file model_18.txt (compact mmCIF, C-alpha atoms)
# COMPACT_ATOMS: atom_id res chain seq x y z
CA MET A 1145 -0.65 8.15 3.33
CA SER A 1146 -3.20 10.35 5.06
CA TYR A 1147 -2.41 13.51 3.15
CA ARG A 1148 -5.86 14.96 3.82
CA LEU A 1149 -5.40 14.80 7.59
CA ILE A 1150 -2.07 16.57 7.40
CA GLU A 1151 -3.59 19.51 5.49
CA GLY A 1152 -5.25 20.74 8.71
CA LEU A 1153 -1.88 21.02 10.44
CA LYS A 1154 -0.30 22.73 7.44
CA ASN A 1155 -2.96 25.42 7.72
CA VAL A 1156 -1.97 26.09 11.35
CA ARG A 1157 1.65 26.48 10.19
CA GLY A 1158 0.48 29.06 7.64
CA GLU A 1159 -1.34 31.02 10.36
CA TYR A 1160 1.66 30.87 12.68
CA GLU A 1161 4.03 32.12 10.02
CA ALA A 1162 1.67 34.94 9.04
CA ALA A 1163 1.23 35.99 12.68
CA HIS A 1164 4.98 35.80 13.29
CA ALA A 1165 5.78 37.90 10.22
CA ALA A 1166 3.18 40.53 11.12
CA MET A 1167 4.29 40.81 14.74
CA ALA A 1168 7.97 40.92 13.83
CA TYR A 1169 7.21 43.70 11.34
CA VAL A 1170 5.34 45.77 13.92
CA LEU A 1171 8.02 45.20 16.55
CA GLN A 1172 10.76 46.23 14.15
CA GLY A 1173 8.85 49.31 13.01
CA TRP A 1174 7.45 50.26 16.42
CA ALA A 1175 8.95 53.76 16.39
CA ARG A 1176 7.15 54.50 13.12
CA LEU A 1177 3.99 52.43 13.61
CA HIS A 1178 2.94 53.12 17.20
CA THR A 1179 0.98 56.21 16.16
CA GLU A 1180 -1.16 54.23 13.69
CA GLN A 1181 -4.85 54.04 14.58
CA ALA A 1182 -4.80 50.23 14.54
CA MET A 1183 -2.04 50.23 17.20
CA SER A 1184 -3.73 52.63 19.63
CA GLY A 1185 -3.82 51.37 23.21
CA GLN A 1186 -1.12 48.72 22.73
CA THR A 1187 2.12 48.67 24.70
CA LEU A 1188 5.57 47.72 23.49
CA THR A 1189 5.93 45.42 26.51
CA ALA A 1190 2.80 43.48 25.61
CA LEU A 1191 3.92 43.25 22.01
CA ARG A 1192 7.33 41.87 22.99
CA SER A 1193 5.64 39.37 25.31
CA ALA A 1194 3.26 38.28 22.55
CA VAL A 1195 6.17 37.75 20.18
CA SER A 1196 8.15 35.72 22.70
CA ASN A 1197 5.12 33.52 23.51
CA LEU A 1198 3.90 33.13 19.95
CA GLU A 1199 5.71 29.89 19.14
CA ALA A 1200 4.51 28.12 22.30
CA THR A 1201 1.00 29.46 21.77
CA TYR A 1202 0.90 28.08 18.25
CA THR A 1203 2.42 24.77 19.30
CA ALA A 1204 -0.51 24.45 21.71
CA ARG A 1205 -2.90 25.47 18.92
CA LEU A 1206 -1.29 22.88 16.64
CA PHE A 1207 -1.84 20.16 19.22
CA ALA A 1208 -5.47 21.23 19.65
CA GLU A 1209 -5.96 20.85 15.90
CA PHE A 1210 -4.23 17.45 16.01
CA GLU A 1211 -6.49 16.31 18.85
CA ALA A 1212 -9.57 17.44 16.91
CA ILE A 1213 -8.36 15.47 13.87
CA LEU A 1214 -7.92 12.33 16.00
CA ARG A 1215 -11.32 12.80 17.62
CA ALA A 1216 -13.03 13.10 14.23
CA GLN A 1217 -11.06 10.17 12.83
CA TYR A 1218 -11.50 7.76 15.75
CA PRO A 1219 -15.01 6.42 14.92
CA HIS A 1220 -13.92 5.76 11.32
CA SER A 1221 -10.83 3.85 12.39
CA ARG A 1222 -12.36 2.04 15.38
CA PRO A 1223 -16.13 2.01 14.79
CA LYS A 1224 -16.94 -0.46 17.56
CA ARG A 1225 -15.11 1.48 20.28
CA SER A 1226 -16.27 4.51 22.21
CA ILE A 1227 -14.27 7.68 21.58
CA PRO A 1228 -11.75 8.31 24.39
CA ARG A 1229 -12.37 11.49 26.33
CA ASN A 1230 -8.80 12.71 26.54
CA SER A 1231 -5.95 13.15 24.09
CA ASP A 1232 -3.89 10.40 25.70
CA GLY A 1233 -6.64 7.84 25.02
CA LEU A 1234 -7.02 9.01 21.43
CA ILE A 1235 -3.29 8.88 20.76
CA ASN A 1236 -2.80 5.46 22.31
CA GLY A 1237 -6.03 4.00 20.88
CA LEU A 1238 -5.24 4.94 17.30
CA GLY A 1239 -1.55 4.30 17.96
CA SER A 1240 -2.18 0.65 18.85
CA HIS A 1241 -4.66 0.22 15.98
CA TYR A 1242 -2.16 1.48 13.38
CA LYS A 1243 0.93 0.03 15.10
CA VAL A 1244 2.67 3.38 15.55
CA GLN A 1245 6.33 2.86 16.47
CA PRO A 1246 7.15 3.56 20.15
CA ASP A 1247 9.63 6.29 19.20
CA ASP A 1248 6.98 8.13 17.19
CA LEU A 1249 4.43 7.74 19.99
CA GLN A 1250 6.93 9.11 22.47
CA LYS A 1251 7.48 12.23 20.35
CA VAL A 1252 3.74 12.89 20.18
CA GLY A 1253 3.69 12.45 23.97
CA LYS A 1254 6.33 15.19 24.27
CA VAL A 1255 4.16 17.60 22.29
CA ARG A 1256 1.16 16.69 24.45
CA GLU A 1257 3.11 17.34 27.64
CA PHE A 1258 4.35 20.66 26.32
CA ARG A 1259 0.85 21.68 25.25
CA HIS A 1260 -0.35 20.78 28.74
CA SER A 1261 2.36 22.90 30.35
CA VAL A 1262 1.48 25.89 28.12
CA ALA A 1263 -2.25 25.55 28.75
CA HIS A 1264 -1.79 25.29 32.51
CA ALA A 1265 1.15 27.70 32.84
CA ASP A 1266 3.20 24.86 34.31
CA PRO A 1267 6.81 25.23 33.15
CA GLY A 1268 7.68 21.58 33.87
CA ALA A 1269 7.70 20.17 30.33
CA GLU A 1270 10.58 20.36 27.90
CA PRO A 1271 9.85 23.04 25.25
CA VAL A 1272 9.09 21.67 21.80
CA PRO A 1273 9.85 23.95 18.83
CA PHE A 1274 6.88 24.43 16.50
CA VAL A 1275 8.67 22.90 13.52
CA ASP A 1276 9.46 19.72 15.49
CA ALA A 1277 5.92 19.47 16.85
CA LEU A 1278 4.52 19.79 13.34
CA SER A 1279 6.88 17.15 12.01
CA TRP A 1280 6.20 14.67 14.83
CA LEU A 1281 2.42 15.05 14.67
CA CYS A 1282 2.43 14.62 10.89
CA VAL A 1283 4.55 11.49 11.13
CA TYR A 1284 1.96 10.05 13.54
CA LEU A 1285 -0.94 11.00 11.23
CA ASN A 1286 0.84 9.33 8.35
CA TYR A 1287 0.24 5.94 10.00
CA ILE A 1288 -3.51 6.38 9.49
CA SER A 1289 -4.53 4.62 6.32
CA ASP A 1290 -6.03 6.89 3.68
CA GLN A 1291 -8.78 4.31 3.16
CA ASP A 1292 -10.00 4.96 6.70
CA VAL A 1293 -10.19 8.74 6.25
CA PRO A 1294 -13.69 9.87 5.24
CA LYS A 1295 -13.95 11.96 2.08
CA ARG A 1296 -15.00 15.55 2.74
CA MET B 1137 -6.48 47.99 3.48
CA GLN B 1138 -4.54 48.12 0.24
CA THR B 1139 -5.00 45.15 -2.07
CA ALA B 1140 -2.41 43.85 -4.48
CA VAL B 1141 -2.52 45.43 -7.92
CA ILE B 1142 -2.50 43.03 -10.84
CA GLY B 1143 -3.78 43.08 -14.38
CA ASP B 1144 -6.60 40.89 -15.60
CA PRO B 1145 -7.05 38.03 -13.07
CA ALA B 1146 -7.79 35.49 -15.81
CA ASN B 1147 -4.61 36.44 -17.63
CA GLU B 1148 -2.61 36.36 -14.40
CA ARG B 1149 -3.98 32.91 -13.53
CA GLN B 1150 -3.12 31.60 -16.97
CA GLN B 1151 0.44 32.99 -16.81
CA TRP B 1152 1.03 31.59 -13.34
CA SER B 1153 -0.36 28.15 -14.25
CA GLN B 1154 1.85 28.04 -17.31
CA LEU B 1155 4.93 29.14 -15.36
CA VAL B 1156 4.28 26.49 -12.69
CA SER B 1157 3.70 23.84 -15.32
CA GLU B 1158 7.01 24.63 -17.05
CA PHE B 1159 8.74 24.69 -13.66
CA CYS B 1160 7.34 21.25 -12.81
CA ASP B 1161 8.40 19.86 -16.18
CA GLN B 1162 11.96 21.03 -15.58
CA VAL B 1163 12.09 19.73 -12.02
CA ARG B 1164 10.59 16.41 -13.07
CA GLY B 1165 13.40 16.03 -15.60
CA TRP B 1166 16.04 16.79 -12.94
CA ALA B 1167 14.46 14.32 -10.51
CA GLU B 1168 14.28 11.53 -13.07
CA GLU B 1169 17.91 12.13 -14.07
CA ALA B 1170 18.76 11.71 -10.37
CA GLY B 1171 17.04 8.32 -10.43
CA TRP B 1172 13.93 9.25 -8.47
CA GLN B 1173 10.43 8.21 -9.37
CA VAL B 1174 8.10 11.17 -9.97
CA THR B 1175 4.32 11.38 -9.90
CA ARG B 1176 2.53 14.46 -11.20
CA LYS B 1177 -0.84 15.42 -9.75
CA THR B 1178 -3.24 18.31 -10.19
CA LEU B 1179 -4.09 20.68 -7.36
CA ASP B 1180 -6.93 23.17 -7.03
CA ARG B 1181 -5.79 26.51 -5.69
CA THR B 1182 -7.99 29.43 -4.63
CA GLU B 1183 -6.62 32.94 -4.15
CA GLU B 1184 -8.66 35.96 -3.11
CA VAL B 1185 -7.57 38.07 -6.03
CA LEU B 1186 -7.24 35.39 -8.69
CA GLY B 1187 -10.08 32.98 -7.93
CA THR B 1188 -9.78 29.19 -8.36
CA TYR B 1189 -7.44 27.52 -10.81
CA GLU B 1190 -5.51 24.27 -11.34
CA VAL B 1191 -1.77 23.76 -11.07
CA PRO B 1192 0.41 20.65 -11.15
CA MET B 1193 2.34 19.34 -8.17
CA LEU B 1194 5.07 16.68 -8.04
CA ILE B 1195 5.62 13.80 -5.65
CA ILE B 1196 9.24 12.69 -5.81
CA GLN B 1197 9.95 9.31 -4.25
CA THR B 1198 13.52 9.10 -2.96
CA ALA B 1199 15.10 6.10 -1.28
CA THR B 1200 14.22 7.50 2.16
CA ARG B 1201 11.09 9.66 1.90
CA ALA B 1202 8.79 11.39 -0.53
CA VAL B 1203 9.48 15.03 -1.33
CA MET B 1204 6.65 17.22 -2.59
CA VAL B 1205 6.93 20.14 -4.97
CA GLU B 1206 3.76 22.10 -4.29
CA PRO B 1207 2.78 25.47 -5.74
CA VAL B 1208 1.26 27.61 -2.96
CA ALA B 1209 0.19 30.92 -4.47
CA ARG B 1210 0.91 33.58 -7.05
CA MET B 1211 -0.07 36.47 -4.74
CA ILE B 1212 2.66 36.45 -2.10
CA MET B 1213 4.09 39.24 0.01
CA GLY B 1214 7.55 40.21 -1.17
CA ALA B 1215 7.48 37.90 -4.19
CA THR B 1216 5.56 37.11 -7.35
CA GLY B 1217 4.91 33.47 -6.56
CA ARG B 1218 5.71 30.71 -4.10
CA ILE B 1219 6.37 26.99 -4.51
CA ASP B 1220 7.10 24.81 -1.48
CA VAL B 1221 9.49 21.86 -1.56
CA TYR B 1222 9.01 19.65 1.48
CA ALA B 1223 9.59 16.16 2.79
CA TYR B 1224 6.59 13.99 3.52
CA PRO B 1225 5.40 13.33 6.19
CA THR B 1226 7.88 15.35 8.27
CA LEU B 1227 7.00 18.60 6.42
CA PHE B 1228 10.61 19.84 6.60
CA ARG B 1229 10.51 22.49 3.93
CA VAL B 1230 12.06 25.27 1.89
CA MET B 1231 10.04 27.93 0.12
CA LEU B 1232 10.92 29.00 -3.40
CA LEU B 1233 10.01 32.67 -3.77
CA ARG B 1234 9.96 34.17 -7.23
CA SER B 1235 11.66 37.53 -7.48
CA GLY B 1236 9.52 40.14 -9.18
CA ALA B 1237 12.37 41.91 -10.88
CA SER B 1238 14.40 39.03 -12.25
CA GLY B 1239 11.97 36.12 -12.19
CA GLU B 1240 14.59 34.08 -10.33
CA TRP B 1241 13.66 31.67 -7.58
CA ARG B 1242 15.10 32.50 -4.15
CA ILE B 1243 15.30 29.72 -1.56
CA ARG B 1244 14.01 30.52 1.93
CA THR B 1245 14.45 28.07 4.79
CA ASP B 1246 11.99 27.60 7.67
CA SER B 1247 14.41 29.56 9.85
CA GLY B 1248 13.70 32.59 7.69
CA PHE B 1249 17.11 32.71 6.01
CA PHE B 1250 17.68 32.83 2.29
CA LEU B 1251 20.19 30.33 0.94
CA PRO B 1252 22.98 31.89 -1.12
CA GLN B 1253 22.70 29.20 -3.81
CA SER B 1254 20.80 30.02 -6.96
CA TRP B 1255 18.05 27.66 -8.14
CA SER B 1256 19.60 24.99 -10.36
CA LYS B 1257 19.62 21.24 -10.88
CA GLU B 1258 22.51 20.83 -8.42
CA THR B 1259 20.75 22.91 -5.76
CA PHE B 1260 17.53 20.98 -6.26
CA VAL B 1261 19.19 17.56 -5.96
CA THR B 1262 21.04 18.65 -2.80
CA LEU B 1263 17.89 20.10 -1.24
CA VAL B 1264 15.82 17.00 -1.96
CA GLY B 1265 18.52 14.81 -0.40
CA ASP B 1266 18.74 17.05 2.68
CA LEU B 1267 14.98 17.34 3.17
CA ALA B 1268 14.36 13.62 2.70
CA GLY B 1269 17.16 12.70 5.08
CA ALA B 1270 16.30 15.14 7.89
CA GLY B 1271 14.55 14.14 11.10
call {"tool": "encode", "arguments": {"input": "model_18.txt", "output": "structure tokens"}}
result
Amino acid sequence: MSYRLIEGLKNVRGEYEAAHAAMAYVLQGWARLHTEQAMSGQTLTALRSAVSNLEATYTARLFAEFEAILRAQYPHSRPKRSIPRNSDGLINGLGSHYKVQPDDLQKVGKVREFRHSVAHADPGAEPVPFVDALSWLCVYLNYISDQDVPKR
Amino acid sequence: MQTAVIGDPANERQQWSQLVSEFCDQVRGWAEEAGWQVTRKTLDRTEEVLGTYEVPMLIIQTATRAVMVEPVARMIMGATGRIDVYAYPTLFRVMLLRSGASGEWRIRTDSGFFLPQSWSKETFVTLVGDLAGAG
């Protein structure tokens, strides 16, 4: 099991939860907190918008971290191959090497499509909740043999 | 910014490590009584206020998936310690948050709700089954 690879994604979850808790606290206490120096210049509308977009933003951030993990891992798993330029190539390349089940590959594809729609403000893709994205990406990473993961 | 007030960091680290160790011993016993195989490992943890220290973690192998019992930190907002229980590799999780006043463990789901059940062998066995079977 590639526990070390999964640690990177767990850290993104920690950041997301901390950001969510902080923003929810400020939103809830807006009447009391809006006069604080640290809040000067902010609007309630922007704060509400940030809260409502936070999950999608962090799902995109999670996928970026996942892609970086795959990019760093690729030469260790497939040393004779050149590193694919895009996330699709990375996912499929490592997916075929480690025999990732089609259902698990499809789920990672859903996160990729959602990340793409967030990054390009294209509402076409089906939304993926953060907790599902995390779970699906970790299941994929678990196919990567720990022996292939370089020690830090 | 206000920082958390604690006594001697070395003393606090020692108390937390001991509490976690006793917690893991108890949970290991519950897991083995339930027929699950348990592996105990050592984790390094670093906290701003406390520095670096070692704590145990448990890997519980159920029939479906592994479930981890992983101490996260002593210095936690709204609690005096946190231990995560999560399925691997799906990372479906509950947090155990230690109440400052009573020392009891409260169970918080990823949806942000606290479960009404108190922490006990029965609750633990149910949670492990639910986490391992989800997804």
call {"tool": "interface_residues", "arguments": {"input": "model_18.txt", "of": "chain B", "to": "chain A", "cutoff": "9 Å", "atoms": "all atoms listed in the file", "output": "VMD selection string"}}
result
chain B and resid 1224 to 1228 1246 1271
call {"tool": "atom_distance", "arguments": {"input": "model_18.txt", "atom1": "atom CA of A:Ala1182", "atom2": "atom CA of A:Ala1208"}}
result
29.5 Å
call {"tool": "residues_around", "arguments": {"input": "model_18.txt", "residues": "B:Ile1243", "least_positions_apart": "5", "cutoff": "9 Å", "atoms": "all atoms listed in the file", "output": "CSV table (one decimal) with C-alpha atoms, in the frame of the given file"}}
result
chain,number,residue,atom,x,y,z
B,1230,VAL,CA,12.1,25.3,1.9
B,1231,MET,CA,10.0,27.9,0.1
B,1232,LEU,CA,10.9,29.0,-3.4
B,1233,LEU,CA,10.0,32.7,-3.8
B,1234,ARG,CA,10.0,34.2,-7.2
B,1249,PHE,CA,17.1,32.7,6.0
B,1250,PHE,CA,17.7,32.8,2.3
B,1251,LEU,CA,20.2,30.3,0.9
B,1252,PRO,CA,23.0,31.9,-1.1
B,1253,GLN,CA,22.7,29.2,-3.8
B,1254,SER,CA,20.8,30.0,-7.0
B,1255,TRP,CA,18.0,27.7,-8.1
call {"tool": "residues_around", "arguments": {"input": "model_18.txt", "residues": "stretch 1170-1177 of chain B", "least_positions_apart": "6", "cutoff": "8 Å", "atoms": "all atoms listed in the file", "output": "PyMOL selection string"}}
result
chain B and resi 1164+1192-1199+1261
call {"tool": "residues_around", "arguments": {"input": "model_18.txt", "residues": "B:Gln1150", "least_positions_apart": "5", "cutoff": "12 Å", "atoms": "all atoms listed in the file", "output": "PDB file with C-alpha atoms, keeping the file's coordinate frame"}}
result
ATOM      1  CA  GLY B1143      -3.780  43.080 -14.380  1.00  0.00           C
ATOM      2  CA  ASP B1144      -6.600  40.890 -15.600  1.00  0.00           C
ATOM      3  CA  PRO B1145      -7.050  38.030 -13.070  1.00  0.00           C
ATOM      4  CA  LEU B1155       4.930  29.140 -15.360  1.00  0.00           C
ATOM      5  CA  VAL B1156       4.280  26.490 -12.690  1.00  0.00           C
ATOM      6  CA  SER B1157       3.700  23.840 -15.320  1.00  0.00           C
ATOM      7  CA  LEU B1186      -7.240  35.390  -8.690  1.00  0.00           C
ATOM      8  CA  GLY B1187     -10.080  32.980  -7.930  1.00  0.00           C
ATOM      9  CA  THR B1188      -9.780  29.190  -8.360  1.00  0.00           C
ATOM     10  CA  TYR B1189      -7.440  27.520 -10.810  1.00  0.00           C
ATOM     11  CA  GLU B1190      -5.510  24.270 -11.340  1.00  0.00           C
ATOM     12  CA  VAL B1191      -1.770  23.760 -11.070  1.00  0.00           C
ATOM     13  CA  ARG B1210       0.910  33.580  -7.050  1.00  0.00           C
TER      14      ARG B1210
END
call {"tool": "atom_distance", "arguments": {"input": "model_18.txt", "atom1": "atom CA of A:Ala1163", "atom2": "atom CA of B:Glu1240"}}
result
26.7 Å
call {"tool": "atom_distance", "arguments": {"input": "model_18.txt", "atom1": "atom CA of A:Glu1211", "atom2": "atom CA of B:Asp1220"}}
result
25.9 Å
call {"tool": "residues_near_point", "arguments": {"input": "model_18.txt", "point": "(-1.4, 1.9, 14.1)", "cutoff": "10 Å", "atoms": "all atoms listed in the file", "output": "ChimeraX atom specification"}}
result
/A:1221,1235-1245,1284-1289
call {"tool": "residues_near_point", "arguments": {"input": "model_18.txt", "point": "(7.0, 25.9, -5.9)", "cutoff": "7 Å", "atoms": "only C-alpha atoms", "output": "list of chain:residue names"}}
result
B:Val1205, B:Glu1206, B:Pro1207, B:Val1208, B:Arg1218, B:Ile1219, B:Asp1220, B:Val1221, B:Leu1232
call {"tool": "residues_around", "arguments": {"input": "model_18.txt", "residues": "stretch 1187-1197 of chain A", "least_positions_apart": "3", "cutoff": "9 Å", "atoms": "all atoms listed in the file", "output": "MDAnalysis selection string"}}
result
chainID A and resid 1164 1167:1168 1170:1171 1174 1178 1183:1184 1200:1202
call {"tool": "build_atoms", "arguments": {"input": "model_18.txt", "residues": "stretch 1233-1250 of chain A", "atoms": "N, CA and C atoms", "output": "JSON list (two decimals), keeping the file's coordinate frame"}}
result
[["chain", "number", "residue", "atom", "x", "y", "z"],
["A", 1233, "GLY", "N", -5.87, 9.00, 25.48],
["A", 1233, "GLY", "CA", -6.64, 7.84, 25.02],
["A", 1233, "GLY", "C", -6.75, 7.79, 23.51],
["A", 1234, "LEU", "N", -6.93, 8.96, 22.90],
["A", 1234, "LEU", "CA", -7.02, 9.01, 21.43],
["A", 1234, "LEU", "C", -5.70, 8.59, 20.80],
["A", 1235, "ILE", "N", -4.62, 9.15, 21.33],
["A", 1235, "ILE", "CA", -3.29, 8.88, 20.76],
["A", 1235, "ILE", "C", -2.93, 7.40, 20.90],
["A", 1236, "ASN", "N", -3.17, 6.86, 22.08],
["A", 1236, "ASN", "CA", -2.80, 5.46, 22.31],
["A", 1236, "ASN", "C", -3.75, 4.49, 21.59],
["A", 1237, "GLY", "N", -5.04, 4.86, 21.55],
["A", 1237, "GLY", "CA", -6.03, 4.00, 20.88],
["A", 1237, "GLY", "C", -5.73, 3.85, 19.40],
["A", 1238, "LEU", "N", -5.56, 5.00, 18.73],
["A", 1238, "LEU", "CA", -5.24, 4.94, 17.30],
["A", 1238, "LEU", "C", -3.81, 4.43, 17.09],
["A", 1239, "GLY", "N", -2.95, 4.75, 18.04],
["A", 1239, "GLY", "CA", -1.55, 4.30, 17.96],
["A", 1239, "GLY", "C", -1.46, 2.78, 17.95],
["A", 1240, "SER", "N", -2.24, 2.12, 18.82],
["A", 1240, "SER", "CA", -2.18, 0.65, 18.85],
["A", 1240, "SER", "C", -2.87, 0.07, 17.62],
["A", 1241, "HIS", "N", -3.94, 0.72, 17.16],
["A", 1241, "HIS", "CA", -4.66, 0.22, 15.98],
["A", 1241, "HIS", "C", -3.77, 0.25, 14.73],
["A", 1242, "TYR", "N", -3.00, 1.33, 14.59],
["A", 1242, "TYR", "CA", -2.16, 1.48, 13.38],
["A", 1242, "TYR", "C", -0.70, 1.08, 13.61],
["A", 1243, "LYS", "N", -0.43, 0.51, 14.80],
["A", 1243, "LYS", "CA", 0.93, 0.03, 15.10],
["A", 1243, "LYS", "C", 1.99, 1.14, 14.94],
["A", 1244, "VAL", "N", 1.71, 2.26, 15.57],
["A", 1244, "VAL", "CA", 2.67, 3.38, 15.55],
["A", 1244, "VAL", "C", 3.90, 2.98, 16.36],
["A", 1245, "GLN", "N", 5.07, 3.23, 15.80],
["A", 1245, "GLN", "CA", 6.33, 2.86, 16.47],
["A", 1245, "GLN", "C", 6.48, 3.60, 17.80],
["A", 1246, "PRO", "N", 7.03, 2.93, 18.82],
["A", 1246, "PRO", "CA", 7.15, 3.56, 20.15],
["A", 1246, "PRO", "C", 7.86, 4.91, 20.11],
["A", 1247, "ASP", "N", 8.89, 5.04, 19.28],
["A", 1247, "ASP", "CA", 9.63, 6.29, 19.20],
["A", 1247, "ASP", "C", 8.73, 7.43, 18.69],
["A", 1248, "ASP", "N", 7.89, 7.12, 17.74],
["A", 1248, "ASP", "CA", 6.98, 8.13, 17.19],
["A", 1248, "ASP", "C", 5.89, 8.49, 18.20],
["A", 1249, "LEU", "N", 5.42, 7.48, 18.94],
["A", 1249, "LEU", "CA", 4.43, 7.74, 19.99],
["A", 1249, "LEU", "C", 5.02, 8.63, 21.08],
["A", 1250, "GLN", "N", 6.27, 8.36, 21.41],
["A", 1250, "GLN", "CA", 6.93, 9.11, 22.47],
["A", 1250, "GLN", "C", 7.05, 10.60, 22.08]]
